[in-house]
file structure_21.txt (compact mmCIF, C-alpha atoms)
# COMPACT_ATOMS: atom_id res chain seq x y z
CA MET A 1 41.66 -1.64 -51.84
CA THR A 2 45.21 -1.69 -50.55
CA GLY A 3 46.82 -1.72 -47.15
CA GLY A 4 44.67 -4.43 -45.61
CA ARG A 5 41.45 -3.89 -43.71
CA GLY A 6 42.65 -2.19 -40.57
CA TRP A 7 40.35 0.67 -41.50
CA ALA A 8 37.37 -1.70 -41.24
CA GLU A 9 38.51 -3.03 -37.84
CA GLU A 10 38.90 0.51 -36.53
CA ALA A 11 35.53 1.63 -37.89
CA PHE A 12 33.73 -1.40 -36.45
CA GLY A 13 35.25 -0.60 -33.06
CA LEU A 14 33.98 2.99 -33.28
CA LEU A 15 30.48 1.76 -34.12
CA VAL A 16 30.53 -0.61 -31.12
CA ARG A 17 31.53 2.25 -28.85
CA ARG A 18 28.73 4.36 -30.29
CA VAL A 19 26.25 1.56 -29.54
CA GLU A 20 27.36 1.59 -25.91
CA GLU A 21 26.95 5.35 -25.71
CA THR A 22 23.56 5.21 -27.41
CA ALA A 23 22.33 2.55 -24.98
CA GLY A 24 23.18 4.80 -22.06
CA GLN A 25 21.36 7.70 -23.67
CA VAL A 26 18.13 6.05 -24.80
CA GLY A 27 17.46 3.78 -21.81
CA ASP A 28 14.38 1.63 -22.40
CA ARG A 29 13.43 3.47 -25.61
CA PHE A 30 14.57 2.84 -29.19
CA PRO A 31 16.87 5.23 -31.11
CA LEU A 32 15.55 6.51 -34.41
CA TYR A 33 17.79 9.33 -35.66
CA ALA A 34 20.44 11.52 -34.04
CA ASP A 35 21.25 15.20 -34.48
CA PRO A 36 24.42 15.63 -36.53
CA GLY A 37 25.60 18.41 -34.26
CA ASP A 38 25.51 16.88 -30.79
CA GLY A 39 24.58 13.23 -31.39
CA ARG A 40 21.39 13.37 -29.31
CA TRP A 41 18.88 10.74 -30.37
CA THR A 42 15.23 11.18 -31.21
CA THR A 43 13.63 8.03 -29.81
CA THR A 44 10.46 5.97 -29.99
CA GLY A 45 8.85 3.90 -27.29
CA ARG A 46 7.84 0.81 -29.28
CA GLY A 47 10.59 0.81 -31.87
CA SER A 48 8.46 1.62 -34.93
CA TRP A 49 9.78 -0.02 -38.12
CA THR A 50 13.39 0.52 -37.02
CA GLY A 51 13.42 -1.30 -33.67
CA GLY A 52 15.00 -4.44 -35.08
CA PHE A 53 18.06 -2.50 -36.18
CA TRP A 54 18.73 -1.37 -32.63
CA ALA A 55 18.44 -4.96 -31.39
CA GLY A 56 20.70 -6.05 -34.26
CA LEU A 57 23.35 -3.49 -33.30
CA LEU A 58 23.28 -4.77 -29.73
CA TRP A 59 23.74 -8.36 -30.97
CA LEU A 60 26.70 -7.27 -33.09
CA LYS A 61 28.20 -5.59 -30.04
CA ALA A 62 27.60 -8.71 -27.92
CA ALA A 63 29.30 -10.91 -30.51
CA HIS A 64 32.25 -8.51 -30.60
CA THR A 65 32.76 -8.34 -26.84
CA GLY A 66 31.63 -11.86 -25.96
CA GLY A 67 30.28 -10.47 -22.70
CA ASP A 68 27.31 -11.95 -20.84
CA VAL A 69 26.13 -8.47 -19.88
CA ASP A 70 26.04 -7.41 -23.53
CA ARG A 71 24.16 -10.57 -24.53
CA ALA A 72 21.62 -9.95 -21.77
CA ALA A 73 21.12 -6.36 -22.95
CA ALA A 74 20.59 -7.48 -26.54
CA SER A 75 18.19 -10.21 -25.45
CA ALA A 76 16.15 -7.77 -23.37
CA VAL A 77 15.73 -5.32 -26.24
CA THR A 78 14.82 -8.15 -28.61
CA ALA A 79 12.13 -9.33 -26.20
CA ARG A 80 10.57 -5.85 -26.36
CA LEU A 81 9.97 -6.38 -30.10
CA ALA A 82 7.47 -9.18 -29.36
CA PRO A 83 4.32 -7.02 -29.82
CA TRP A 84 5.29 -6.60 -33.49
CA ALA A 85 4.98 -10.32 -34.23
CA GLU A 86 1.24 -10.08 -34.92
CA ALA A 87 1.19 -6.43 -36.04
CA ASP A 88 -0.49 -5.81 -39.40
CA THR A 89 2.52 -4.70 -41.40
CA ALA A 90 5.02 -6.14 -43.85
CA ALA A 91 7.62 -4.06 -41.98
CA ARG A 92 7.72 -7.01 -39.59
CA GLY A 93 10.48 -8.25 -41.86
CA LEU A 94 12.66 -5.28 -40.94
CA VAL A 95 11.75 -5.47 -37.27
CA LEU A 96 11.79 -9.17 -36.55
CA TRP A 97 14.31 -10.58 -38.99
CA TYR A 98 17.10 -8.09 -38.30
CA GLY A 99 16.18 -8.02 -34.63
CA THR A 100 16.62 -11.78 -34.22
CA ALA A 101 18.87 -13.10 -37.01
CA LEU A 102 22.08 -12.30 -35.14
CA ALA A 103 20.83 -13.69 -31.82
CA THR A 104 22.86 -16.89 -32.03
CA GLY A 105 22.12 -19.25 -29.15
CA ASP A 106 19.34 -17.11 -27.67
CA ALA A 107 16.31 -19.39 -27.28
CA ALA A 108 13.86 -16.55 -26.62
CA ALA A 109 14.90 -14.67 -29.78
CA GLN A 110 14.66 -17.84 -31.85
CA ALA A 111 11.18 -18.49 -30.47
CA LEU A 112 10.14 -14.93 -31.31
CA ARG A 113 11.45 -15.32 -34.87
CA LYS A 114 9.55 -18.58 -35.28
CA ARG A 115 6.35 -17.00 -33.94
CA ALA A 116 6.73 -13.97 -36.22
CA ALA A 117 7.46 -16.12 -39.28
CA LYS A 118 4.30 -18.16 -38.67
CA ALA A 119 2.20 -15.02 -38.19
CA VAL A 120 3.54 -13.34 -41.34
CA ALA A 121 3.03 -16.50 -43.40
CA GLY A 122 -0.57 -16.51 -42.17
CA ALA A 123 -0.97 -12.93 -43.42
CA PHE A 124 -0.11 -13.88 -47.02
CA HIS A 125 -2.90 -12.72 -49.35
CA PRO A 126 -3.24 -15.42 -52.06
CA ALA A 127 -5.31 -13.29 -54.42
CA LEU A 128 -2.78 -10.44 -54.38
CA GLY A 129 0.23 -12.74 -54.15
CA LEU A 130 1.93 -10.97 -51.26
CA VAL A 131 1.82 -10.00 -47.62
CA PRO A 132 0.12 -6.57 -47.72
CA TRP A 133 1.98 -3.57 -46.35
CA GLY A 134 -0.74 -3.40 -43.71
CA ALA A 135 -2.36 -0.70 -41.61
CA ALA A 136 -0.24 -0.80 -38.45
CA LEU A 137 1.87 2.18 -39.56
CA GLY A 138 -1.09 4.08 -41.02
CA GLY A 139 -2.69 4.38 -44.44
CA SER A 140 -4.47 1.92 -46.67
CA ARG A 141 -3.86 -1.73 -45.78
CA LEU A 142 -3.67 -3.25 -49.27
CA ARG A 143 -0.45 -1.72 -50.43
CA ALA A 144 2.86 -2.97 -51.79
CA ARG A 145 6.06 -1.08 -50.99
CA ALA A 146 9.72 -1.65 -51.71
CA ASP A 147 10.52 -1.48 -48.00
CA GLY A 148 8.03 -4.27 -47.33
CA VAL A 149 10.30 -6.87 -48.97
CA PRO A 150 13.72 -6.85 -47.24
CA GLY A 151 13.80 -8.96 -44.11
CA LEU A 152 10.40 -10.42 -44.92
CA VAL A 153 11.88 -12.74 -47.58
CA PRO A 154 14.21 -14.57 -45.16
CA LEU A 155 11.68 -14.36 -42.31
CA LEU A 156 8.99 -16.04 -44.41
CA ALA A 157 11.47 -18.53 -45.84
CA SER A 158 12.23 -19.71 -42.30
CA ALA A 159 8.61 -20.87 -41.86
CA GLY A 160 8.84 -24.20 -43.70
CA PRO A 161 7.46 -25.04 -47.17
CA GLU A 162 4.41 -22.79 -46.79
CA GLY A 163 6.60 -19.91 -45.72
CA ARG A 164 9.08 -20.44 -48.56
CA ALA A 165 6.25 -20.40 -51.10
CA ALA A 166 4.91 -17.19 -49.54
CA ALA A 167 8.40 -15.65 -49.53
CA ALA A 168 8.88 -16.38 -53.21
CA GLY A 169 5.40 -15.10 -54.09
CA HIS A 170 5.89 -11.94 -52.04
CA LEU A 171 9.23 -11.20 -53.69
CA HIS A 172 8.06 -11.95 -57.23
CA ARG A 173 4.95 -9.79 -56.86
CA HIS A 174 7.11 -6.87 -55.77
CA LEU A 175 9.40 -7.50 -58.73
CA ASP A 176 6.29 -7.26 -60.95
CA LEU A 177 5.41 -3.89 -59.46
CA CYS A 178 8.70 -2.29 -58.49
CA VAL A 179 11.37 -3.60 -60.86
CA ALA A 180 10.20 -4.57 -64.36
CA ARG A 181 6.55 -4.29 -65.26
CA GLU A 182 5.44 -6.56 -68.05
CA ASP A 183 2.51 -4.28 -68.93
CA GLY A 184 4.81 -1.40 -69.82
CA ARG A 185 3.90 0.83 -66.89
CA ARG A 186 6.80 2.52 -65.11
CA PRO A 187 8.03 0.56 -62.08
CA ARG A 188 7.43 2.42 -58.84
CA PRO A 189 8.34 1.78 -55.20
CA ALA A 190 4.78 2.03 -53.82
CA TRP A 191 1.40 0.76 -55.04
CA ARG A 192 -2.15 0.51 -53.68
CA TRP A 193 -4.71 -2.13 -54.59
CA ASP A 194 -7.90 -0.56 -55.96
CA ASP A 195 -10.86 -2.91 -55.48
CA THR A 196 -13.03 -0.86 -57.82
CA ARG A 197 -10.58 -1.15 -60.70
CA GLY A 198 -9.36 -4.58 -59.70
CA ASP A 199 -5.79 -3.43 -60.26
CA TRP A 200 -2.76 -1.87 -58.64
CA VAL A 201 -2.49 1.92 -58.83
CA PRO A 202 0.72 3.83 -58.10
CA GLU A 203 1.11 5.92 -54.97
CA ALA A 204 2.74 9.33 -55.17
CA ASP A 205 4.99 8.85 -52.16
CA PRO A 206 7.61 7.49 -52.15
CA ALA A 207 8.17 8.35 -55.80
CA PRO A 208 10.45 6.71 -58.37
CA GLY A 209 14.07 7.63 -57.73
CA TRP A 210 13.92 6.86 -54.00
CA ALA A 211 17.47 5.65 -53.39
CA ARG A 212 16.68 3.63 -50.29
CA GLY A 213 13.82 1.90 -52.09
CA GLU A 214 16.21 0.71 -54.81
CA ALA A 215 18.65 -0.52 -52.15
CA TRP A 216 15.89 -2.35 -50.27
CA LEU A 217 14.88 -4.13 -53.47
CA LEU A 218 18.45 -5.13 -54.27
CA LEU A 219 18.83 -6.53 -50.75
CA ALA A 220 15.62 -8.56 -51.08
CA VAL A 221 16.66 -9.98 -54.45
CA ALA A 222 20.05 -10.93 -53.01
CA ASP A 223 18.30 -12.76 -50.17
CA GLY A 224 16.15 -14.60 -52.69
CA LEU A 225 19.17 -15.64 -54.73
CA LEU A 226 20.83 -17.02 -51.60
CA ARG A 227 17.76 -19.16 -50.88
CA THR A 228 17.39 -21.06 -54.13
CA GLY A 229 16.93 -24.60 -52.82
CA ASP A 230 13.29 -24.69 -53.94
CA ALA A 231 11.65 -24.38 -57.34
CA TYR A 232 9.61 -21.44 -55.95
CA TRP A 233 12.41 -18.97 -56.54
CA ARG A 234 12.65 -18.96 -60.37
CA THR A 235 16.31 -18.05 -60.10
CA GLY A 236 16.65 -16.95 -63.72
CA ARG A 237 14.16 -14.19 -63.06
CA LEU A 238 15.88 -13.18 -59.83
CA GLY A 239 19.21 -12.99 -61.63
CA HIS A 240 17.65 -10.76 -64.26
CA ALA A 241 16.12 -8.56 -61.57
CA ALA A 242 19.52 -8.20 -59.92
CA GLU A 243 21.03 -7.11 -63.24
CA VAL A 244 18.23 -4.58 -63.81
CA LEU A 245 18.61 -3.10 -60.34
CA LEU A 246 22.42 -3.01 -60.51
CA ARG A 247 22.18 -1.09 -63.78
CA ARG A 248 19.20 1.11 -62.91
CA GLY A 249 20.44 2.10 -59.47
CA GLY A 250 24.03 2.70 -60.53
CA PHE A 251 25.14 0.32 -57.80
CA LEU A 252 28.30 -0.68 -59.66
CA ASP A 253 29.25 2.54 -61.39
CA GLY A 254 27.28 5.44 -59.90
CA ALA A 255 27.99 7.64 -56.90
CA LEU A 256 29.30 5.72 -53.89
CA VAL A 257 26.68 7.56 -51.83
CA PRO A 258 23.58 8.32 -53.92
CA PRO A 259 21.25 11.30 -53.73
CA ALA A 260 18.28 10.44 -51.54
CA ASP A 261 16.11 11.28 -54.56
CA ALA A 262 17.60 10.53 -57.96
CA ASP A 263 15.40 13.25 -59.48
CA ASP A 264 17.02 15.83 -57.19
CA PRO A 265 20.77 15.26 -57.66
CA ASP A 266 21.58 18.49 -55.82
CA GLY A 267 19.52 17.50 -52.78
CA PRO A 268 20.68 15.55 -49.74
CA VAL A 269 22.51 12.26 -50.13
CA ASP A 270 21.60 9.15 -48.15
CA THR A 271 24.41 7.20 -46.51
CA SER A 272 21.87 4.73 -45.13
CA ALA A 273 20.92 3.76 -48.70
CA ALA A 274 24.61 3.27 -49.46
CA ALA A 275 25.08 1.07 -46.38
CA VAL A 276 22.06 -1.09 -47.30
CA ALA A 277 23.39 -1.38 -50.85
CA ALA A 278 26.84 -2.38 -49.59
CA VAL A 279 25.34 -5.30 -47.66
CA ALA A 280 23.26 -6.28 -50.69
CA LEU A 281 26.38 -6.22 -52.87
CA LEU A 282 28.29 -8.35 -50.37
CA LYS A 283 25.45 -10.86 -50.50
CA LEU A 284 25.35 -10.83 -54.31
CA ALA A 285 29.10 -11.48 -54.33
CA ARG A 286 28.31 -14.76 -52.56
CA VAL A 287 25.79 -16.01 -55.14
CA PRO A 288 27.36 -19.11 -56.73
CA GLY A 289 28.24 -18.69 -60.39
CA ALA A 290 27.00 -15.09 -60.69
CA ALA A 291 28.75 -13.19 -63.47
CA TRP A 292 28.67 -9.99 -61.44
CA ALA A 293 30.00 -11.51 -58.20
CA THR A 294 33.52 -10.08 -58.44
CA ALA A 295 32.29 -6.62 -59.41
CA CYS A 296 29.87 -6.66 -56.48
CA ALA A 297 32.61 -7.66 -54.04
CA VAL A 298 34.93 -4.87 -55.20
CA ARG A 299 32.19 -2.25 -55.20
CA SER A 300 30.84 -3.20 -51.77
CA GLU A 301 34.25 -2.72 -50.18
CA ALA A 302 34.67 0.60 -51.98
CA VAL A 303 31.32 1.83 -50.64
CA LEU A 304 32.09 0.73 -47.08
CA HIS A 305 35.54 2.33 -47.20
CA HIS A 306 34.04 5.58 -48.49
CA LEU A 307 31.38 5.66 -45.77
CA VAL A 308 34.02 5.13 -43.12
CA ASP A 309 36.51 7.59 -44.60
CA VAL A 310 34.13 10.43 -45.38
CA HIS A 311 30.97 10.12 -43.29
CA LEU A 312 31.89 8.39 -40.00
CA THR A 313 32.80 10.69 -37.09
CA ARG A 314 36.14 10.18 -35.37
CA PRO A 315 37.40 10.62 -31.81
CA GLY A 316 38.52 14.05 -30.70
CA GLY A 317 35.74 16.11 -32.24
CA MET A 318 32.85 18.00 -30.69
CA ARG A 319 30.42 15.18 -31.41
CA PRO A 320 30.56 11.49 -30.48
CA ALA A 321 32.73 9.16 -32.53
CA GLY A 322 31.13 6.37 -34.55
CA MET A 323 28.20 8.35 -36.00
CA LEU A 324 27.40 7.60 -39.64
CA LEU A 325 26.29 11.05 -40.76
CA ASP A 326 24.45 12.26 -43.87
CA GLY A 327 21.63 9.76 -43.69
CA CYS A 328 18.33 11.02 -45.05
CA TYR A 329 15.16 9.86 -43.33
CA GLU A 330 12.77 11.64 -45.70
CA ALA A 331 13.90 14.17 -48.27
CA LYS A 332 10.45 15.31 -49.36
CA SER A 333 9.38 16.50 -45.92
CA GLY A 334 12.85 17.57 -44.84
CA LEU A 335 12.85 15.13 -41.91
CA ALA A 336 16.32 14.27 -40.60
CA VAL A 337 18.07 14.83 -43.93
CA ARG A 338 21.71 14.88 -42.77
CA HIS A 339 21.46 12.78 -39.65
CA GLU A 340 22.73 9.60 -38.09
CA LEU A 341 20.06 6.94 -38.66
CA VAL A 342 19.87 3.76 -36.61
CA TRP A 343 19.45 1.58 -39.70
CA GLY A 344 22.39 3.30 -41.39
CA ASP A 345 24.59 2.44 -38.41
CA PHE A 346 23.26 -1.13 -38.42
CA PHE A 347 23.93 -1.84 -42.09
CA LEU A 348 27.37 -0.21 -41.94
CA ALA A 349 28.24 -2.38 -38.93
CA LEU A 350 26.76 -5.48 -40.59
CA GLY A 351 28.65 -4.79 -43.81
CA LEU A 352 31.94 -4.33 -41.96
CA ALA A 353 31.31 -7.51 -39.95
CA GLY A 354 30.64 -9.39 -43.17
CA LEU A 355 33.72 -7.96 -44.84
CA LEU A 356 35.85 -8.98 -41.84
CA GLY A 357 34.39 -12.49 -41.81
CA ARG A 358 32.66 -12.10 -38.45
CA VAL A 359 29.15 -12.64 -39.80
CA ASP A 360 27.91 -15.10 -42.42
CA LEU A 361 25.87 -12.81 -44.62
CA THR A 362 24.23 -15.74 -46.38
CA ARG A 363 22.37 -16.39 -43.09
CA VAL A 364 21.52 -12.83 -41.98

call {"tool": "encode", "arguments": {"input": "structure_21.txt", "output": "structure tokens"}}
result
Amino acid sequence: MTGGRGWAEEAFGLLVRRVEETAGQVGDRFPLYADPGDGRWTTTGRGSWTGGFWAGLLWLKAAHTGGDVDRAAASAVTARLAPWAEADTAARGLVLWYGTALATGDAAAQALRKRAAKAVAGAFHPALGLVPWGAALGGSRLRARADGVPGLVPLLASAGPEGRAAAAGHLHRHLDLCVAREDGRRPRPAWRWDDTRGDWVPEADPAPGWARGEAWLLLAVADGLLRTGDAYWRTGRLGHAAEVLLRRGGFLDGALVPPADADDPDGPVDTSAAAVAAVALLKLARVPGAAWATACAVRSEAVLHHLVDVHLTRPGGMRPAGMLLDGCYEAKSGLAVRHELVWGDFFLALGLAGLLGRVDLTRV
């Protein structure tokens, strides 16, 4: 990149303004995805699996403005995530890590994170070697999914020695299933435990080629590599997993914004997957001694610049500025396939904040 990072400063400012506008629109509900035409949000009352990203955006805004009113607003939304602490789902990592990790100096948010970490550590299933996906969001409880790893690794790791052991076990079991299977079966992003067979069986949805699933896995591996102070982590294996994912997902040499489904290259793209991947790459660039660190740093900035240049709305148009468009919630069902997604906005904002040195990505 040339010409400095004024583009990143400008884009971060647009995202902060969009957060303010969104807050006025959604009130005491949580934004989920917004119409690409008029920017109106579809919302949820309890936050679903995405509530932590809305809280995280509010904390990023509060850090940017330094205002007490903004901190109070972020704290209030974070407090509304409390019912998820004991919910039966591995998505608690997404909700309660990203909803609290940026809440510097907020005692209530720190207490909620500690409570959630203890509860999730208690949900670790020793026989299966992971925290099950759970039944809180529907479906069979004993499942393993790629989106059940990000956020949960650092959340578990914050719960002392027991939590760090659970975090490592949870991550390594998902590597077994979703990255490189030693039994020769094709890695897949979703599995179900079959008691009758005594084995994991693949689920049809989401299928291999799910771009966001690959990005979630890369993010989780990056978090593991940044938490290598204990023997639990088997860092050689994590480094190998990072290399496999970087190659398999085309994160260093593929499209800057991938198709939502790699098996449908002419279908919708997913900017939210690209934003998640950009943060993962920024984290990997901070892994001491990693051979791919420089390549990850260059690529992450290229992805962020592309998202800002091509997919972020600007002032003066018919729709609000600061919308990261072309996010794909679910390609198979056609749900919100070219929309602004709250987690896409969050990871773009987090990536820009990390690039600008405003957030220590080794701690978030």

call {"tool": "atom_distance", "arguments": {"input": "structure_21.txt", "atom1": "atom CA of A:Pro31", "atom2": "atom CA of A:Gly45"}}
result
9.0 Å

call {"tool": "closest_atom_pairs", "arguments": {"input": "structure_21.txt", "of": "stretch 9-57 of chain A", "to": "stretch 79-86 of chain A", "cutoff": "12 Å", "atoms": "only C-alpha atoms", "output": "tab-separated table"}}
result
residue	atom	partner	partner_atom	distance
A:Asp28	CA	A:Arg80	CA	9.3
A:Arg29	CA	A:Arg80	CA	9.8
A:Phe30	CA	A:Arg80	CA	10.0
A:Gly45	CA	A:Arg80	CA	9.9
A:Arg46	CA	A:Leu81	CA	7.5
A:Gly47	CA	A:Leu81	CA	7.4
A:Ser48	CA	A:Trp84	CA	8.9
A:Trp49	CA	A:Trp84	CA	9.2
A:Thr50	CA	A:Leu81	CA	10.4
A:Gly51	CA	A:Leu81	CA	7.1
A:Gly52	CA	A:Leu81	CA	7.3
A:Phe53	CA	A:Leu81	CA	10.8
A:Trp54	CA	A:Leu81	CA	10.4
A:Ala55	CA	A:Leu81	CA	8.7
A:Gly56	CA	A:Leu81	CA	11.5

call {"tool": "write_last_selection", "arguments": {"input": "structure_21.txt", "atoms": "C-alpha atoms", "output": "PDB file, keeping the file's coordinate frame"}}
result
ATOM      1  CA  ASP A  28      14.380   1.630 -22.400  1.00  0.00           C
ATOM      2  CA  ARG A  29      13.430   3.470 -25.610  1.00  0.00           C
ATOM      3  CA  PHE A  30      14.570   2.840 -29.190  1.00  0.00           C
ATOM      4  CA  GLY A  45       8.850   3.900 -27.290  1.00  0.00           C
ATOM      5  CA  ARG A  46       7.840   0.810 -29.280  1.00  0.00           C
ATOM      6  CA  GLY A  47      10.590   0.810 -31.870  1.00  0.00           C
ATOM      7  CA  SER A  48       8.460   1.620 -34.930  1.00  0.00           C
ATOM      8  CA  TRP A  49       9.780  -0.020 -38.120  1.00  0.00           C
ATOM      9  CA  THR A  50      13.390   0.520 -37.020  1.00  0.00           C
ATOM     10  CA  GLY A  51      13.420  -1.300 -33.670  1.00  0.00           C
ATOM     11  CA  GLY A  52      15.000  -4.440 -35.080  1.00  0.00           C
ATOM     12  CA  PHE A  53      18.060  -2.500 -36.180  1.00  0.00           C
ATOM     13  CA  TRP A  54      18.730  -1.370 -32.630  1.00  0.00           C
ATOM     14  CA  ALA A  55      18.440  -4.960 -31.390  1.00  0.00           C
ATOM     15  CA  GLY A  56      20.700  -6.050 -34.260  1.00  0.00           C
TER      16      GLY A  56
END

call {"tool": "atom_distance", "arguments": {"input": "structure_21.txt", "atom1": "atom CA of A:Val221", "atom2": "atom CA of A:Leu171"}}
result
7.6 Å

call {"tool": "residues_around", "arguments": {"input": "structure_21.txt", "residues": "A:Gly351", "least_positions_apart": "2", "cutoff": "10 Å", "atoms": "all atoms listed in the file", "output": "MDAnalysis selection string"}}
result
chainID A and resid 8 12 275:283 300:301 303:304 345:349 353:359 361

call {"tool": "atom_distance", "arguments": {"input": "structure_21.txt", "atom1": "atom CA of A:Arg115", "atom2": "atom CA of A:Val131"}}
result
16.0 Å

call {"tool": "closest_residue", "arguments": {"input": "structure_21.txt", "among": "A:Gly148, A:Gly122, A:Gly344, A:Pro258", "to": "A:Tyr329", "atoms": "only C-alpha atoms"}}
result
A:Gly344
